[in-house]
Each structure stands twice: as structure tokens, then as C-alpha cells.
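Have a look at the structure below, then the notes.
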Amino acid sequence: MKRIFVLPLLAAGLFFNAQSIGNSPYAAFGIGDIKYDNTTDVNAMGGISTAYIWDFNNNFNFSNPAANKNLELTTLKVEGTNENNFFKSNYDNMSVTKHSSYLSNISIAFPLSPKVKFGLGYQPYSSKKYSIITKETLADGTIKANLFTGEGMISTVQAAVSYQISPEFGVGLRTNFYFGNVYDINELTYSTAELINGYETKNKTKSFNFTVGTAYQKKIAADRKLTLGGTLTFGNTGKLETQYTNSTYFYTPGQTKNNVSIIDSKFSENKDLIPLGFSLGAGYGRDAKWFLGTQVDYNKAQIDFITDPFANQASYKISAGGWYLPNYNNFRNYFSRVTYRYGAYYEKGNLSYMGTNVNKFALTGGLTLPFENKSASRMSGIDLGIELGQRGTLDNNMIRQNFVNLKIGLNFADKWFNKRLYD
């Protein structure tokens, strides 16, 4: 079974920097659309992860590395996302539809000992891919045109370890390495001009930070439990290198720049790429039956690439969700062993325009479908999730983004790395 995963892992490694992720015009600001998300099962519960300890032994929580006391199997996850965005604006009655599919997560996790668990994973963190053109006819009949384009992706590789201090209390640490390149260019030209004026911003990222977590789970009755959790992300190291270039040029066939004349060029470095943030969560549930949780996430303002009338600000997110499992030991009825997930969230975004916030809210749901008629202690399966929501508003000629995101994940869980007791 282990050999099956060698080729997909190699192929995924080549695919990481090759995939192209589409997103909204709001990606033009800062480091792009934040794609970093939880796994499919957690996303289907509104994103609750800080106080989420899975009852069974086949899942690793990267969001809160302390919440992994039940992991006993090696688990390999490969997940993909299909985004369907529908944009609307009162400005020229604009209406646009965009679709995108990409690899959103790949991870492996396993126990090092009964108290120590380890996980390693990859996810896209943010992306840019947009192209916007505006045209204006001046009083003398001259046509003025602006083209705004952006492209690129920042990815993150994570390594997480958890330690169970007592049956109730655990701690964890996750290191996060961010890497990639994103660029934006604003091109201005007139119908009477031979040259184009382009202002280009290139950002190259290599940065580390850390997430510490705690998780506490207490039995309230024979089969009921209360779970509390918290995480803190801090300690940016590394740097973001930014190159600004203002130049004139013209294009020849093949979109090749010619006669490039640099007017101005600047270079800067910044360490504060990823904002400091924390999360607090609480949940209550019945063993192997159901769970309901809620959490609050807060992040400081991101590194500020933008100017008036846009503003960068702190953001927060409120989430609630849970799961329900009818009867995991009922092998006569398959759907009794399916885990049903539900949730919702509201996010006050980090971007505002003329005092109007670009906020986001969504309803989520999903299923975990077990592969085989095996006990819950060896539960490989398929995770399915759906996210329906809205971002932005039509106020101030802004853009409202309705979205339907579909997620699928494969979770292969088994006992690996164990010594053979017999042949």
C-alpha cells in the first residue's frame, strides 16, 4: 500500500509551482487572495479547528498542533478545490464568472510515540491571477487605457509536532515556511502615444513563522466531553524582497517588450509578510456521536502595499460548526457510518475601500465517506465539502463576489512504520 503513494507525491511536488489559481479582483491588493485553508473536513464545519480533537485515530489537526492526542495511524491526505466565482458590480453593470481548480493540500502525519505526534504538509497560501482593463475617451477624442494585471503564488510548507502532557492537556508547535513570487503591473497608454508606461511590482518571498497551540479536553459525563483550545502565530523571520520598476516600452508580436527605458527603480525588504494572529475555540460533544464547536480568529493588518482610498486593517473571523455520526459500528447500513458535517462563518476582511469593508460570510457542509467495512480504528475515506457564500458589496461601485467552492480529499490511514512481530 505504501508504494502506491510514491508517484502521486512526486507528481504533486512538480505540480505545486505549475498550477494556476484563479481569484477575484481583490487579489490586486497586498499579497493576493489568501488561499490557506483548513482540510476539507474542517472547512465543511465552518473552519472550526482550534478546539477540534477528532474522536477517532486517523486524523491530524495542523491548525492547532496540540489537538492530536487520538492519532494512532499514519494518515496521508491529498485534497483539491474547485472554485466557482460570480462577480457583479454596478459600475457599467459588470458581470463576470470565473472557475478554477487546484491542489489545495497534501500532508502526511504519524505518531512518534503514544504522546508525541508529527505531521508534514503543503498548501497554497495566497495567489494572484487577474487582468482588468479600463478605457476612457477624453474631451479631445483621445482614448486613455489602463491595464491592471497580476500573477503568482505564495505556498507554505508546514511541520507540526504535538505532545500530550496529560490525558486532558496537550501542547503543540508548528513551523511555517512561505515561498514564492507574485507580481503586479499597471500599464497606461493613450491612442496618440507610441509608448506604454508600465509600473511593475515584483515580490519574492522566503519567510518563516511559528504557531504554538494548546488543547484541553475534559470528560463531563460518561460519554460527554468539553474541549477548549488556543493558538498564537508569531515570529516572522526571513524576508520579502520587493522590486519597483517604472518604465516605458512598446510590445512586438508575442508580447515581447522592446525599447525599454527605465524611469525609476527601487528595492525594499520587509520581514512582516504574515501578520501576527491568534485563535480561541470551545466545543462540546458526545463520544463517537456528535460535536459542536465555535471559535474566533484575529489577525493584525498585513504588510501594507496599498494607498488611499483603500486601507489595510486588522481582521477577525467568527465560526461555528460540527459533525454527526449516526452509528459507526452499523455495518448493515453504510450511511450510518457516514460523518455529516455542517458550519458557517463570518469574516471581517482586512481590506476596505472608502470606509466600506470587504467582508465575507458562508455556509458550509460536507460528508466523510468511509472506504471499506472496517472498524473506525482503520477508517480511510473520502472527504467531500461545499462552501456557499459572498464576499464584498455593491456599495461605492465595488464588486460583490458570490462563490460556490467544492472540495474533495482522500485520507489513507493505516499502521505504518511498525516493526513486524512475525513473518
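Letters A, B, ... mark the chains of the C-alpha cells in the order given; residue numbers begin at 1 per chain; ligand numbers begin at 1, in order shown.
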**Study point:** Test item: residues at most 9 Å from Gly277 of chain A, only C-alpha atoms, excluding those fewer than 4 positions along its chain, as a list in words
**Key:**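 Listed by chain and then number, they are Thr231, Leu232, Thr233, Phe234, Asp297, Tyr298, Asn299 and Lys300 of chain A.
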Mind dumping the selected residues with C-alpha atoms as a PDB file, in the first residue's frame?
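In the end it all went to selection27.pdb:
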```
ATOM      1  CA  THR A 231      -3.256  29.121  19.068  1.00  0.00           C
ATOM      2  CA  LEU A 232      -0.835  32.010  18.514  1.00  0.00           C
ATOM      3  CA  THR A 233       1.068  32.683  15.262  1.00  0.00           C
ATOM      4  CA  PHE A 234       4.150  34.893  15.635  1.00  0.00           C
ATOM      5  CA  ASP A 297      -9.740  34.179  14.853  1.00  0.00           C
ATOM      6  CA  TYR A 298      -7.933  37.536  14.845  1.00  0.00           C
ATOM      7  CA  ASN A 299      -5.125  38.769  12.572  1.00  0.00           C
ATOM      8  CA  LYS A 300      -3.254  42.054  12.570  1.00  0.00           C
TER       9      LYS A 300
END
```
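Once segment 124-137 of chain A and its same-chain neighbours fewer than 5 positions away are set aside, Gly22, Ala27, Gly32, Asp33, Ile34, Lys35, Tyr36, Thr142, Ile143, Lys144, Ala145, Asn146, Leu147, Phe148, Thr149, Gly150, Glu151, Gly152, Met153, Ile154, Ser155 and Thr156 of chain A remain within 6 Å of it when counting only C-alpha atoms.
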Neighbour list for Trp54 of chain A as number ranges by chain, cut-off 12 Å, only C-alpha atoms, skip fewer than 6 positions in-chain:
A: 41-42, 48, 60-61, 64, 67-72, 217, 225, 227, 283, 285-292, 322-325, 339, 376
Could you write out that same residue set with C-alpha atoms as a PDB file, in the first residue's frame?
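For reference, part08.pdb as written:
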```pdb
ATOM      1  CA  ASP A  41     -13.367  18.004   6.730  1.00  0.00           C
ATOM      2  CA  VAL A  42     -12.611  21.044   8.900  1.00  0.00           C
ATOM      3  CA  ILE A  48     -13.600  25.197  13.483  1.00  0.00           C
ATOM      4  CA  PHE A  60      -4.116  15.141  12.229  1.00  0.00           C
ATOM      5  CA  ASN A  61      -5.026  18.746  13.059  1.00  0.00           C
ATOM      6  CA  ASN A  64      -3.929  23.523  16.223  1.00  0.00           C
ATOM      7  CA  ALA A  67      -5.163  18.818  19.259  1.00  0.00           C
ATOM      8  CA  ASN A  68      -3.887  15.428  18.117  1.00  0.00           C
ATOM      9  CA  LYS A  69      -3.992  13.153  21.129  1.00  0.00           C
ATOM     10  CA  ASN A  70      -6.088  10.461  19.386  1.00  0.00           C
ATOM     11  CA  LEU A  71      -3.882   9.994  16.299  1.00  0.00           C
ATOM     12  CA  GLU A  72      -2.599   6.393  16.209  1.00  0.00           C
ATOM     13  CA  GLN A 217     -10.400  18.101  26.722  1.00  0.00           C
ATOM     14  CA  LYS A 225     -16.675  15.977  26.655  1.00  0.00           C
ATOM     15  CA  THR A 227     -12.891  20.863  24.533  1.00  0.00           C
ATOM     16  CA  GLY A 283     -16.612  22.738  21.769  1.00  0.00           C
ATOM     17  CA  GLY A 285     -19.818  16.713  22.143  1.00  0.00           C
ATOM     18  CA  ARG A 286     -20.711  13.084  22.713  1.00  0.00           C
ATOM     19  CA  ASP A 287     -18.101  10.386  22.095  1.00  0.00           C
ATOM     20  CA  ALA A 288     -18.215   8.975  18.545  1.00  0.00           C
ATOM     21  CA  LYS A 289     -21.657  10.522  18.017  1.00  0.00           C
ATOM     22  CA  TRP A 290     -21.671  14.315  17.584  1.00  0.00           C
ATOM     23  CA  PHE A 291     -19.707  17.503  18.220  1.00  0.00           C
ATOM     24  CA  LEU A 292     -20.480  21.232  18.095  1.00  0.00           C
ATOM     25  CA  GLY A 322     -19.744  20.430  13.982  1.00  0.00           C
ATOM     26  CA  TRP A 323     -20.348  16.849  12.904  1.00  0.00           C
ATOM     27  CA  TYR A 324     -22.800  13.998  13.408  1.00  0.00           C
ATOM     28  CA  LEU A 325     -22.137  10.246  13.048  1.00  0.00           C
ATOM     29  CA  THR A 339     -19.984  11.501   9.071  1.00  0.00           C
ATOM     30  CA  ALA A 376     -13.457   3.006  12.970  1.00  0.00           C
TER      31      ALA A 376
END
```
With only C-alpha atoms as the atoms that count, which of A:Ser63, A:Ser24, A:Asn38, A:Asn330 lies nearest to Asn105 of chain A?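 Ranking A:Ser63, A:Ser24, A:Asn38, A:Asn330 by distance to Asn105 of chain A, first place goes to A:Asn38.
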Selected residue, from A:Ser107, A:Asn405, A:Asn57, A:Thr245, that lies nearest to Glu83 of chain A when counting only C-alpha atoms: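 Once distances to Glu83 of chain A are computed over only C-alpha atoms, the minimum belongs to A:Asn405.
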As a check of understanding: the span from atom CA of Ala44 of chain A to atom CA of Arg332 of chain A is 26.4 Å
**Message:** Write out as number ranges by chain the set of residues from segment 90-270 of chain A that DSSP, computed on the backbone, places in strand (DSSP E).
**Reply:** A: 94-111, 116-137, 143-164, 169-190, 196-219, 224-252, 256-270
*What is the distance between atom CA of Thr75 of chain A and atom CA of Val296 of chain A, in Å to one decimal?*
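Result for atom CA of Thr75 of chain A versus atom CA of Val296 of chain A: 27.8 Å, one decimal.
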Query raised in the report: If we count only C-alpha atoms, what is near Ser265 of chain A at a cut-off of 8 Å, once residues fewer than 2 positions away on the same chain are taken out, given as a list of chain:residue names?
Result: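 Surrounding residues, per the criterion: A:Gln243, A:Tyr244, A:Thr245, A:Asn246, A:Ile262, A:Ile263, A:Phe267.
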Q | Non-local contacts of Ala109 of chain A (8 Å; only C-alpha atoms; under 3 positions in same chain excluded) as a ChimeraX atom specification | A | /A:60,74-76,117-120
Residue neighbourhood Ala51 of chain A, 7 Å, only C-alpha atoms, exclusion window fewer than 5 positions, as a CSV table (one decimal) with all heavy atoms, in the first residue's frame:
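Writing the result to result-v2.csv gives the following:
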```
chain,number,residue,atom,x,y,z
A,215,ALA,N,-4.4,22.6,23.8
A,215,ALA,CA,-5.8,21.9,23.7
A,215,ALA,C,-6.1,21.2,25.0
A,215,ALA,O,-5.2,20.5,25.6
A,215,ALA,CB,-5.8,21.0,22.6
A,227,THR,N,-14.2,20.6,25.1
A,227,THR,CA,-12.9,20.9,24.5
A,227,THR,C,-12.6,22.4,24.4
A,227,THR,O,-13.5,23.1,24.0
A,227,THR,CB,-12.8,20.3,23.1
A,227,THR,OG1,-13.2,18.9,23.2
A,227,THR,CG2,-11.4,20.3,22.6
A,228,LEU,N,-11.4,22.8,24.9
A,228,LEU,CA,-11.0,24.2,24.8
A,228,LEU,C,-9.7,24.2,24.0
A,228,LEU,O,-8.8,23.3,24.2
A,228,LEU,CB,-10.9,24.8,26.1
A,228,LEU,CG,-12.1,24.8,27.0
A,228,LEU,CD1,-11.7,25.3,28.4
A,228,LEU,CD2,-13.2,25.6,26.4
A,229,GLY,N,-9.4,25.3,23.3
A,229,GLY,CA,-8.2,25.4,22.5
A,229,GLY,C,-7.8,26.8,22.2
A,229,GLY,O,-8.6,27.7,22.2
A,281,GLY,N,-11.0,28.8,20.8
A,281,GLY,CA,-12.2,27.9,20.4
A,281,GLY,C,-12.7,27.1,21.6
A,281,GLY,O,-12.0,26.9,22.6
A,282,ALA,N,-13.9,26.7,21.5
A,282,ALA,CA,-14.5,25.8,22.5
A,282,ALA,C,-15.5,24.9,21.8
A,282,ALA,O,-16.1,25.3,20.8
A,282,ALA,CB,-15.3,26.7,23.6
A,283,GLY,N,-15.7,23.7,22.4
A,283,GLY,CA,-16.6,22.7,21.8
A,283,GLY,C,-17.1,21.8,22.8
A,283,GLY,O,-16.6,21.6,23.9
```
Check the smallest atom-to-atom distance from each of A:Glu187, A:Asp264, A:Asp92, A:Glu387 to Arg341 of chain A using only C-alpha atoms, then report the winner.
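Nearest to Arg341 of chain A: A:Glu387.
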